[in-house]
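Note: the block below is structure-v8.cif and it holds mmCIF, C-alpha atoms.
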data_upload
#
loop_
_atom_site.group_PDB
_atom_site.id
_atom_site.type_symbol
_atom_site.label_atom_id
_atom_site.label_comp_id
_atom_site.auth_asym_id
_atom_site.auth_seq_id
_atom_site.Cartn_x
_atom_site.Cartn_y
_atom_site.Cartn_z
ATOM 1 C CA MET A 1 100.697 115.597 94.122
ATOM 2 C CA GLU A 2 103.075 117.509 96.326
ATOM 3 C CA ALA A 3 105.939 119.333 94.691
ATOM 4 C CA HIS A 4 108.523 117.217 96.494
ATOM 5 C CA SER A 5 107.086 113.774 95.958
ATOM 6 C CA ILE A 6 109.764 111.369 94.742
ATOM 7 C CA GLY A 7 107.764 110.030 91.803
ATOM 8 C CA THR A 8 107.890 106.371 92.787
ATOM 9 C CA ARG A 9 106.062 104.073 95.174
ATOM 10 C CA ARG A 10 108.531 101.228 94.987
ATOM 11 C CA VAL A 11 111.096 100.638 97.723
ATOM 12 C CA ALA A 12 114.412 99.637 96.143
ATOM 13 C CA GLN A 13 116.503 98.806 99.204
ATOM 14 C CA ILE A 14 116.467 98.532 102.970
ATOM 15 C CA GLY A 15 119.904 99.595 104.232
ATOM 16 C CA ILE A 16 121.315 98.092 107.429
ATOM 17 C CA LEU A 17 124.485 99.276 109.170
ATOM 18 C CA VAL A 18 126.652 96.529 110.600
ATOM 19 C CA ARG A 19 130.044 96.232 112.296
ATOM 20 C CA ASP A 20 130.969 92.864 110.756
ATOM 21 C CA ILE A 21 129.577 92.385 107.270
ATOM 22 C CA GLU A 22 130.636 88.749 107.038
ATOM 23 C CA ALA A 23 128.904 87.774 110.264
ATOM 24 C CA ALA A 24 125.759 89.734 109.374
ATOM 25 C CA SER A 25 125.684 88.271 105.861
ATOM 26 C CA ALA A 26 126.017 84.745 107.214
ATOM 27 C CA ALA A 27 123.099 85.359 109.600
ATOM 28 C CA TRP A 28 120.858 86.769 106.857
ATOM 29 C CA ALA A 29 121.718 83.835 104.597
ATOM 30 C CA LYS A 30 120.673 81.425 107.340
ATOM 31 C CA LEU A 31 117.409 83.293 107.920
ATOM 32 C CA LEU A 32 116.573 83.435 104.212
ATOM 33 C CA GLY A 33 117.908 79.982 103.356
ATOM 34 C CA CYS A 34 120.230 81.281 100.629
ATOM 35 C CA GLU A 35 123.898 81.605 99.747
ATOM 36 C CA VAL A 36 126.097 84.185 101.466
ATOM 37 C CA PRO A 37 126.633 86.974 98.913
ATOM 38 C CA PRO A 38 130.096 88.474 98.321
ATOM 39 C CA TRP A 39 130.823 91.944 99.689
ATOM 40 C CA HIS A 40 132.697 94.706 97.921
ATOM 41 C CA TRP A 41 134.158 98.078 98.832
ATOM 42 C CA THR A 42 132.503 101.246 97.605
ATOM 43 C CA GLU A 43 134.705 103.114 95.130
ATOM 44 C CA PRO A 44 137.673 105.208 96.280
ATOM 45 C CA TYR A 45 137.185 108.960 96.491
ATOM 46 C CA ASP A 46 138.220 109.720 92.918
ATOM 47 C CA GLU A 47 135.215 107.764 91.702
ATOM 48 C CA ALA A 48 132.796 107.953 94.636
ATOM 49 C CA GLN A 49 133.162 111.722 95.132
ATOM 50 C CA THR A 50 131.551 111.291 98.533
ATOM 51 C CA VAL A 51 130.330 114.459 100.217
ATOM 52 C CA TYR A 52 129.240 114.178 103.854
ATOM 53 C CA GLU A 53 127.596 117.181 105.514
ATOM 54 C CA GLY A 54 128.938 119.384 102.761
ATOM 55 C CA GLU A 55 132.571 118.213 102.962
ATOM 56 C CA PRO A 56 134.427 115.766 100.709
ATOM 57 C CA THR A 57 135.428 112.604 102.557
ATOM 58 C CA PRO A 58 137.568 109.575 101.680
ATOM 59 C CA ALA A 59 135.109 107.345 103.598
ATOM 60 C CA ARG A 60 134.300 103.994 102.085
ATOM 61 C CA ALA A 61 132.140 101.061 103.124
ATOM 62 C CA LYS A 62 131.886 97.359 102.527
ATOM 63 C CA LEU A 63 128.539 96.527 100.897
ATOM 64 C CA ALA A 64 126.674 93.232 100.510
ATOM 65 C CA PHE A 65 123.303 92.776 98.857
ATOM 66 C CA PHE A 66 120.540 90.233 99.317
ATOM 67 C CA HIS A 67 118.277 90.367 96.286
ATOM 68 C CA LEU A 68 114.945 89.261 97.732
ATOM 69 C CA ASP A 69 111.851 88.699 95.600
ATOM 70 C CA ASN A 70 110.553 92.245 95.953
ATOM 71 C CA VAL A 71 113.288 94.382 97.473
ATOM 72 C CA ASP A 72 117.029 94.363 98.189
ATOM 73 C CA ILE A 73 118.530 94.231 101.643
ATOM 74 C CA GLU A 74 121.835 96.128 101.706
ATOM 75 C CA LEU A 75 124.360 95.529 104.471
ATOM 76 C CA ILE A 76 126.859 98.363 105.048
ATOM 77 C CA GLU A 77 130.058 98.184 107.095
ATOM 78 C CA PRO A 78 131.729 101.600 107.023
ATOM 79 C CA ASP A 79 135.417 102.371 107.487
ATOM 80 C CA GLU A 80 136.621 104.877 110.106
ATOM 81 C CA HIS A 81 136.612 108.006 107.930
ATOM 82 C CA PRO A 82 133.835 110.559 108.447
ATOM 83 C CA SER A 83 130.540 109.494 106.894
ATOM 84 C CA THR A 84 126.906 109.301 107.848
ATOM 85 C CA TRP A 85 127.366 105.524 108.061
ATOM 86 C CA ARG A 86 130.139 105.872 110.674
ATOM 87 C CA ALA A 87 128.338 108.632 112.588
ATOM 88 C CA TRP A 88 125.068 106.694 112.680
ATOM 89 C CA LEU A 89 126.785 103.484 113.774
ATOM 90 C CA ASP A 90 128.620 105.306 116.569
ATOM 91 C CA GLU A 91 125.423 107.038 117.734
ATOM 92 C CA HIS A 92 122.717 104.421 117.180
ATOM 93 C CA GLY A 93 124.594 101.147 116.881
ATOM 94 C CA GLU A 94 123.842 98.471 114.327
ATOM 95 C CA GLY A 95 120.434 98.396 112.690
ATOM 96 C CA VAL A 96 118.264 99.636 109.865
ATOM 97 C CA HIS A 97 119.656 102.918 108.577
ATOM 98 C CA HIS A 98 117.616 103.917 105.527
ATOM 99 C CA ILE A 99 114.890 103.165 103.021
ATOM 100 C CA ALA A 100 115.984 103.649 99.413
ATOM 101 C CA PHE A 101 113.920 104.621 96.392
ATOM 102 C CA GLU A 102 115.137 104.574 92.803
ATOM 103 C CA ILE A 103 114.183 107.840 91.171
ATOM 104 C CA GLU A 104 114.719 109.662 87.910
ATOM 105 C CA GLY A 105 116.194 113.130 87.752
ATOM 106 C CA MET A 106 118.419 113.288 90.834
ATOM 107 C CA ALA A 107 119.177 116.998 90.508
ATOM 108 C CA ALA A 108 115.531 118.045 90.304
ATOM 109 C CA ARG A 109 114.341 115.599 92.981
ATOM 110 C CA SER A 110 117.107 116.642 95.347
ATOM 111 C CA GLU A 111 116.372 120.298 94.789
ATOM 112 C CA ALA A 112 112.667 119.732 95.429
ATOM 113 C CA LEU A 113 113.362 117.897 98.685
ATOM 114 C CA SER A 114 115.844 120.543 99.807
ATOM 115 C CA GLY A 115 113.307 123.213 98.947
ATOM 116 C CA ALA A 116 110.772 121.430 101.145
ATOM 117 C CA GLY A 117 113.213 121.619 104.057
ATOM 118 C CA TRP A 118 114.858 118.212 103.808
ATOM 119 C CA ARG A 119 118.545 118.248 104.731
ATOM 120 C CA LEU A 120 120.978 116.490 102.389
ATOM 121 C CA ILE A 121 123.238 114.363 104.606
ATOM 122 C CA GLN A 122 125.551 112.614 102.176
ATOM 123 C CA ARG A 123 125.860 111.978 98.477
ATOM 124 C CA GLY A 124 128.172 110.075 96.200
ATOM 125 C CA GLU A 125 128.664 108.205 92.962
ATOM 126 C CA TYR A 126 128.931 104.522 92.162
ATOM 127 C CA LYS A 127 129.501 102.681 88.903
ATOM 128 C CA GLY A 128 126.436 103.505 86.814
ATOM 129 C CA GLY A 129 124.689 105.860 89.178
ATOM 130 C CA ARG A 130 124.589 108.077 92.226
ATOM 131 C CA TYR A 131 122.894 108.299 95.622
ATOM 132 C CA ALA A 132 121.821 110.912 98.116
ATOM 133 C CA TYR A 133 120.762 110.434 101.740
ATOM 134 C CA PHE A 134 118.200 112.905 103.053
ATOM 135 C CA ASP A 135 117.346 113.407 106.690
ATOM 136 C CA GLY A 136 113.723 112.366 106.986
ATOM 137 C CA ALA A 137 113.826 112.268 110.795
ATOM 138 C CA PRO A 138 111.756 115.457 111.223
ATOM 139 C CA SER A 139 109.165 114.327 108.656
ATOM 140 C CA VAL A 140 108.881 110.647 107.715
ATOM 141 C CA ARG A 141 110.963 109.528 110.733
ATOM 142 C CA ALA A 142 113.554 107.708 108.650
ATOM 143 C CA VAL A 143 116.581 108.414 106.498
ATOM 144 C CA ILE A 144 115.549 108.320 102.840
ATOM 145 C CA GLU A 145 118.004 107.444 100.110
ATOM 146 C CA LEU A 146 117.458 108.451 96.512
ATOM 147 C CA LEU A 147 119.184 106.300 93.897
ATOM 148 C CA GLU A 148 119.570 107.213 90.264
ATOM 149 C CA ASN A 149 120.877 104.658 87.816
ATOM 150 C CA ASP A 150 122.065 105.774 84.394
ATOM 151 C CA ARG A 151 120.217 104.408 81.400
ATOM 152 C CA ARG A 152 122.258 101.755 79.676
ATOM 153 C CA MET B 1 118.671 75.310 103.693
ATOM 154 C CA GLU B 2 119.214 76.091 107.335
ATOM 155 C CA ALA B 3 116.772 74.652 109.797
ATOM 156 C CA HIS B 4 115.603 78.091 110.876
ATOM 157 C CA SER B 5 115.125 79.743 107.516
ATOM 158 C CA ILE B 6 111.755 81.504 107.360
ATOM 159 C CA GLY B 7 110.708 80.008 104.028
ATOM 160 C CA THR B 8 110.142 83.273 102.206
ATOM 161 C CA ARG B 9 112.279 85.872 100.446
ATOM 162 C CA ARG B 10 109.593 88.530 100.234
ATOM 163 C CA VAL B 11 109.555 91.462 102.657
ATOM 164 C CA ALA B 12 105.973 92.206 103.670
ATOM 165 C CA GLN B 13 106.372 95.372 105.728
ATOM 166 C CA ILE B 14 108.872 97.917 106.964
ATOM 167 C CA GLY B 15 107.746 99.017 110.445
ATOM 168 C CA ILE B 16 108.515 102.543 111.669
ATOM 169 C CA LEU B 17 107.945 103.769 115.226
ATOM 170 C CA VAL B 18 106.608 107.308 115.513
ATOM 171 C CA ARG B 19 105.420 109.637 118.259
ATOM 172 C CA ASP B 20 102.702 111.351 116.179
ATOM 173 C CA ILE B 21 101.132 109.073 113.611
ATOM 174 C CA GLU B 22 99.150 111.839 111.942
ATOM 175 C CA ALA B 23 102.197 114.035 111.382
ATOM 176 C CA ALA B 24 104.295 111.105 110.156
ATOM 177 C CA SER B 25 101.506 109.916 107.855
ATOM 178 C CA ALA B 26 101.127 113.389 106.369
ATOM 179 C CA ALA B 27 104.879 113.549 105.701
ATOM 180 C CA TRP B 28 104.949 110.123 104.013
ATOM 181 C CA ALA B 29 101.929 111.056 101.885
ATOM 182 C CA LYS B 30 103.762 114.171 100.700
ATOM 183 C CA LEU B 31 106.912 112.195 99.899
ATOM 184 C CA LEU B 32 105.000 109.510 98.017
ATOM 185 C CA GLY B 33 102.464 111.842 96.423
ATOM 186 C CA CYS B 34 99.473 109.926 97.765
ATOM 187 C CA GLU B 35 96.514 110.269 100.119
ATOM 188 C CA VAL B 36 97.000 110.195 103.888
ATOM 189 C CA PRO B 37 95.774 106.768 105.027
ATOM 190 C CA PRO B 38 93.512 106.394 108.086
ATOM 191 C CA TRP B 39 95.034 105.012 111.268
ATOM 192 C CA HIS B 40 93.434 102.507 113.619
ATOM 193 C CA TRP B 41 94.122 101.117 117.070
ATOM 194 C CA THR B 42 95.381 97.574 117.471
ATOM 195 C CA GLU B 43 92.807 95.354 119.185
ATOM 196 C CA PRO B 44 92.222 95.503 122.953
ATOM 197 C CA TYR B 45 93.865 92.808 125.074
ATOM 198 C CA ASP B 46 90.974 90.331 124.871
ATOM 199 C CA GLU B 47 91.575 90.038 121.160
ATOM 200 C CA ALA B 48 95.235 91.006 120.753
ATOM 201 C CA GLN B 49 96.486 88.732 123.564
ATOM 202 C CA THR B 50 99.724 90.688 123.521
ATOM 203 C CA VAL B 51 102.647 89.105 125.327
ATOM 204 C CA TYR B 52 105.760 91.256 125.786
ATOM 205 C CA GLU B 53 108.921 89.665 127.205
ATOM 206 C CA GLY B 54 106.821 86.778 128.446
ATOM 207 C CA GLU B 55 104.188 88.878 130.250
ATOM 208 C CA PRO B 56 100.659 89.755 129.102
ATOM 209 C CA THR B 57 100.265 93.492 128.483
ATOM 210 C CA PRO B 58 97.314 95.761 127.699
ATOM 211 C CA ALA B 59 99.565 97.782 125.356
ATOM 212 C CA ARG B 60 98.037 98.982 122.126
ATOM 213 C CA ALA B 61 99.289 101.060 119.222
ATOM 214 C CA LYS B 62 97.906 103.244 116.476
ATOM 215 C CA LEU B 63 98.786 101.783 113.069
ATOM 216 C CA ALA B 64 98.757 103.313 109.594
ATOM 217 C CA PHE B 65 99.745 101.557 106.388
ATOM 218 C CA PHE B 66 101.119 102.809 103.104
ATOM 219 C CA HIS B 67 100.628 100.109 100.493
ATOM 220 C CA LEU B 68 103.481 100.774 98.098
ATOM 221 C CA ASP B 69 103.943 98.882 94.841
ATOM 222 C CA ASN B 70 106.129 96.167 96.320
ATOM 223 C CA VAL B 71 105.996 96.452 100.114
ATOM 224 C CA ASP B 72 103.961 98.065 102.895
ATOM 225 C CA ILE B 73 105.266 100.800 105.151
ATOM 226 C CA GLU B 74 103.691 100.506 108.601
ATOM 227 C CA LEU B 75 103.692 103.452 110.997
ATOM 228 C CA ILE B 76 103.281 102.557 114.668
ATOM 229 C CA GLU B 77 102.478 104.964 117.515
ATOM 230 C CA PRO B 78 102.368 102.997 120.771
ATOM 231 C CA ASP B 79 100.468 103.879 123.924
ATOM 232 C CA GLU B 80 102.193 104.126 127.319
ATOM 233 C CA HIS B 81 101.696 100.512 128.441
ATOM 234 C CA PRO B 82 104.694 98.155 128.364
ATOM 235 C CA SER B 83 105.506 96.918 124.884
ATOM 236 C CA THR B 84 108.523 96.541 122.664
ATOM 237 C CA TRP B 85 107.189 99.504 120.682
ATOM 238 C CA ARG B 86 107.230 101.761 123.762
ATOM 239 C CA ALA B 87 110.574 100.449 125.027
ATOM 240 C CA TRP B 88 112.225 100.876 121.632
ATOM 241 C CA LEU B 89 110.824 104.378 121.192
ATOM 242 C CA ASP B 90 112.054 105.405 124.641
ATOM 243 C CA GLU B 91 115.504 103.928 124.008
ATOM 244 C CA HIS B 92 116.126 104.608 120.324
ATOM 245 C CA GLY B 93 113.667 107.326 119.407
ATOM 246 C CA GLU B 94 111.606 107.401 116.244
ATOM 247 C CA GLY B 95 112.775 105.365 113.272
ATOM 248 C CA VAL B 96 112.673 102.036 111.505
ATOM 249 C CA HIS B 97 111.892 99.299 114.021
ATOM 250 C CA HIS B 98 111.496 96.051 112.105
ATOM 251 C CA ILE B 99 111.397 94.173 108.828
ATOM 252 C CA ALA B 100 108.363 91.889 108.498
ATOM 253 C CA PHE B 101 108.000 88.650 106.566
ATOM 254 C CA GLU B 102 104.740 86.797 105.987
ATOM 255 C CA ILE B 103 105.307 83.161 106.767
ATOM 256 C CA GLU B 104 103.292 79.956 107.031
ATOM 257 C CA GLY B 105 103.273 77.837 110.155
ATOM 258 C CA MET B 106 103.915 80.346 112.936
ATOM 259 C CA ALA B 107 104.342 77.733 115.652
ATOM 260 C CA ALA B 108 106.973 75.730 113.768
ATOM 261 C CA ARG B 109 108.817 78.793 112.439
ATOM 262 C CA SER B 110 108.897 80.400 115.891
ATOM 263 C CA GLU B 111 110.139 77.212 117.470
ATOM 264 C CA ALA B 112 112.880 76.880 114.854
ATOM 265 C CA LEU B 113 114.047 80.447 115.412
ATOM 266 C CA SER B 114 113.956 80.035 119.181
ATOM 267 C CA GLY B 115 115.890 76.803 118.823
ATOM 268 C CA ALA B 116 118.537 78.691 116.834
ATOM 269 C CA GLY B 117 118.911 81.141 119.714
ATOM 270 C CA TRP B 118 116.602 83.919 118.575
ATOM 271 C CA ARG B 119 114.772 85.619 121.463
ATOM 272 C CA LEU B 120 111.009 86.138 121.099
ATOM 273 C CA ILE B 121 110.350 89.747 122.142
ATOM 274 C CA GLN B 122 106.616 90.187 121.673
ATOM 275 C CA ARG B 123 103.711 88.417 120.058
ATOM 276 C CA GLY B 124 100.033 89.031 119.561
ATOM 277 C CA GLU B 125 96.948 88.488 117.476
ATOM 278 C CA TYR B 126 95.093 90.684 115.026
ATOM 279 C CA LYS B 127 91.940 90.120 113.000
ATOM 280 C CA GLY B 128 92.825 87.276 110.661
ATOM 281 C CA GLY B 129 96.301 86.548 111.874
ATOM 282 C CA ARG B 130 99.130 86.856 114.356
ATOM 283 C CA TYR B 131 102.623 88.312 114.658
ATOM 284 C CA ALA B 132 105.836 87.693 116.528
ATOM 285 C CA TYR B 133 108.846 89.968 116.893
ATOM 286 C CA PHE B 134 112.210 88.258 117.219
ATOM 287 C CA ASP B 135 115.415 89.919 118.340
ATOM 288 C CA GLY B 136 117.689 89.746 115.337
ATOM 289 C CA ALA B 137 120.176 92.233 116.804
ATOM 290 C CA PRO B 138 122.830 89.600 117.560
ATOM 291 C CA SER B 139 122.491 87.978 114.130
ATOM 292 C CA VAL B 140 120.899 89.932 111.262
ATOM 293 C CA ARG B 141 121.214 93.279 113.115
ATOM 294 C CA ALA B 142 117.496 94.064 112.936
ATOM 295 C CA VAL B 143 114.243 93.132 114.609
ATOM 296 C CA ILE B 144 112.433 90.575 112.452
ATOM 297 C CA GLU B 145 108.655 90.244 112.518
ATOM 298 C CA LEU B 146 106.915 87.084 111.421
ATOM 299 C CA LEU B 147 103.324 87.516 110.229
ATOM 300 C CA GLU B 148 100.895 84.690 109.676
ATOM 301 C CA ASN B 149 97.577 85.377 108.003
ATOM 302 C CA ASP B 150 94.808 82.800 108.203
ATOM 303 C CA ARG B 151 93.629 81.343 104.928
ATOM 304 C CA ARG B 152 90.331 82.829 103.891
#
Output the file's structure in the form of C-alpha cells.
Amino acid sequence: MEAHSIGTRRVAQIGILVRDIEAASAAWAKLLGCEVPPWHWTEPYDEAQTVYEGEPTPARAKLAFFHLDNVDIELIEPDEHPSTWRAWLDEHGEGVHHIAFEIEGMAARSEALSGAGWRLIQRGEYKGGRYAYFDGAPSVRAVIELLENDRR
Amino acid sequence: MEAHSIGTRRVAQIGILVRDIEAASAAWAKLLGCEVPPWHWTEPYDEAQTVYEGEPTPARAKLAFFHLDNVDIELIEPDEHPSTWRAWLDEHGEGVHHIAFEIEGMAARSEALSGAGWRLIQRGEYKGGRYAYFDGAPSVRAVIELLENDRR
C-alpha cells in the first residue's frame, strides 16, 4: 500500500462539464431511457466556501445527477465566476472532467496526496459533505475528486 | 423509452488516453493501493478489423485495465497509425476519452444510435466481442463506447 492511496476502489461519480445542463440532461435521459433529472445550483459562497487555486471564489454551478446502477454521472454547468469548472470548459470545451471517489478522512487523504506531489485545484462544501479536486494530469492523467460525506 | 436508448444503466469502463501506459499504470496503482496490471496490445488488423471514420486502419493500442469494485478503468496508449485514440490524443492531450456500456445486440443498437443522428467514429473486434465508439459530443457531451461480449 502506498502512503497516498485513497483507501477505496469504488468510483462514485463521473463528472462531465457542459454548457447547457438541460440539453445535456435530455440527451443522457434519451440514451439511458430514463426520466430527465432536476438540476440544482451548488450552494452560495457562505455555505460552499469554494476555494479555487488557493483563492475564495463566489463561483457556483448547476448540477444534475444520473444515478446509474453502479455509478453516478454528474453534469456540471458552471457560472462565469472563476472556478476550475469554468477554466476547464474554456480551455478544453465540454466533456468528461473528473473521476470521483468517496473517501473517509478528507484532511488526512488530502494531506497525503499533497505530500505525494498532487496539486489541490479546488475545494468546497456541500450539504452533508465536502469535495476536493486534485490535479492528476501528471500522474493518473485525469482530475481526481475526493468526496467526503458526513455520517448521519 | 426512447428508440435509441442503449438498454443498460451500468457503466462498464472509463477509458483514459495516455502517452506512457507504464507510467500511468504505476500512478493509478499508487492511488488505488493495488498491483500494477500488465498491459497488452490490441489485436492486429486481421483480427481487430478496425474501421476509423469509415476506413480500415492498422492502428493498435496498448491497453491496461484496473478492475475496481464497480467499474473498470481502461488505460489506452495508441500507436501512430490513424485512429480516434491517436487523433484525440493529438487534439486534446491525455485524459478521459470515453464512457463504455456493455450492451446486447450491437447491430441493432448501433443502427438505432445512427438513426438518431449519432456518428460512428470507430469500431473493431477483440477476442470474444466487439466495440463501437459513437460521437456523443453534440448530445451527451462525451464519447460513448458500446461493448458487446459474445455469450460463452
Next item on the list: Would you give me, as a PyMOL selection string, the residues of chain A that come within 10 Å of chain B, using only C-alpha atoms?
Entry: chain A and resi 1-12+14+16-19+21+23-35+66-73+75+91-99+113+136-144
Note to self: Residues near stretch 118-131 of chain A, anyone? I mean within 10 Å using only C-alpha atoms, not counting same-chain ones fewer than 2 positions away, as a count of residues only.
What the structure shows: 49
Note to self: Between atom CA of A:Ala87 and atom CA of A:Lys62, what distance in Å does the model show, to one decimal?
What the structure shows: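 The value is 15.5 Å.
For the choices B:Gly117, B:Pro58, B:Ala64, B:Glu22, the atom-to-atom distance to B:His81 is smallest for B:Pro58 when using all atoms listed in the file.
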Checklist line | Computed interatomic separation between atom CA of B:Asp79 and atom CA of B:Arg60 (Å) | finding: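 Pair atom CA of B:Asp79 / atom CA of B:Arg60 returns 5.8 Å.
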Notebook entry, point to check: Which residue out of B:Pro82, B:Leu89, B:Pro37, B:Ala132 has the minimum interatomic distance to B:Arg109 when all atoms listed in the file are used?
Noted result: B:Ala132
Note to self: Between atom CA of B:Val36 and atom CA of B:Phe65, what distance in Å does the model show, to one decimal?
What the structure shows: 9.4 Å
Output as JSON the centre and edge lengths (Å, one decimal) of the box along x, y and z of the file that holds every listed atom of stretch 138-142 of chain B after adding 8 Å on each side.
{"center_x": 120.2, "center_y": 91.0, "center_z": 114.4, "size_x": 21.3, "size_y": 22.1, "size_z": 22.3}
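Using only C-alpha atoms, the shortest contact distance between A:Asp90 and any of A:Leu63, A:Glu77, A:Gly105, A:Trp39 is found at A:Glu77.
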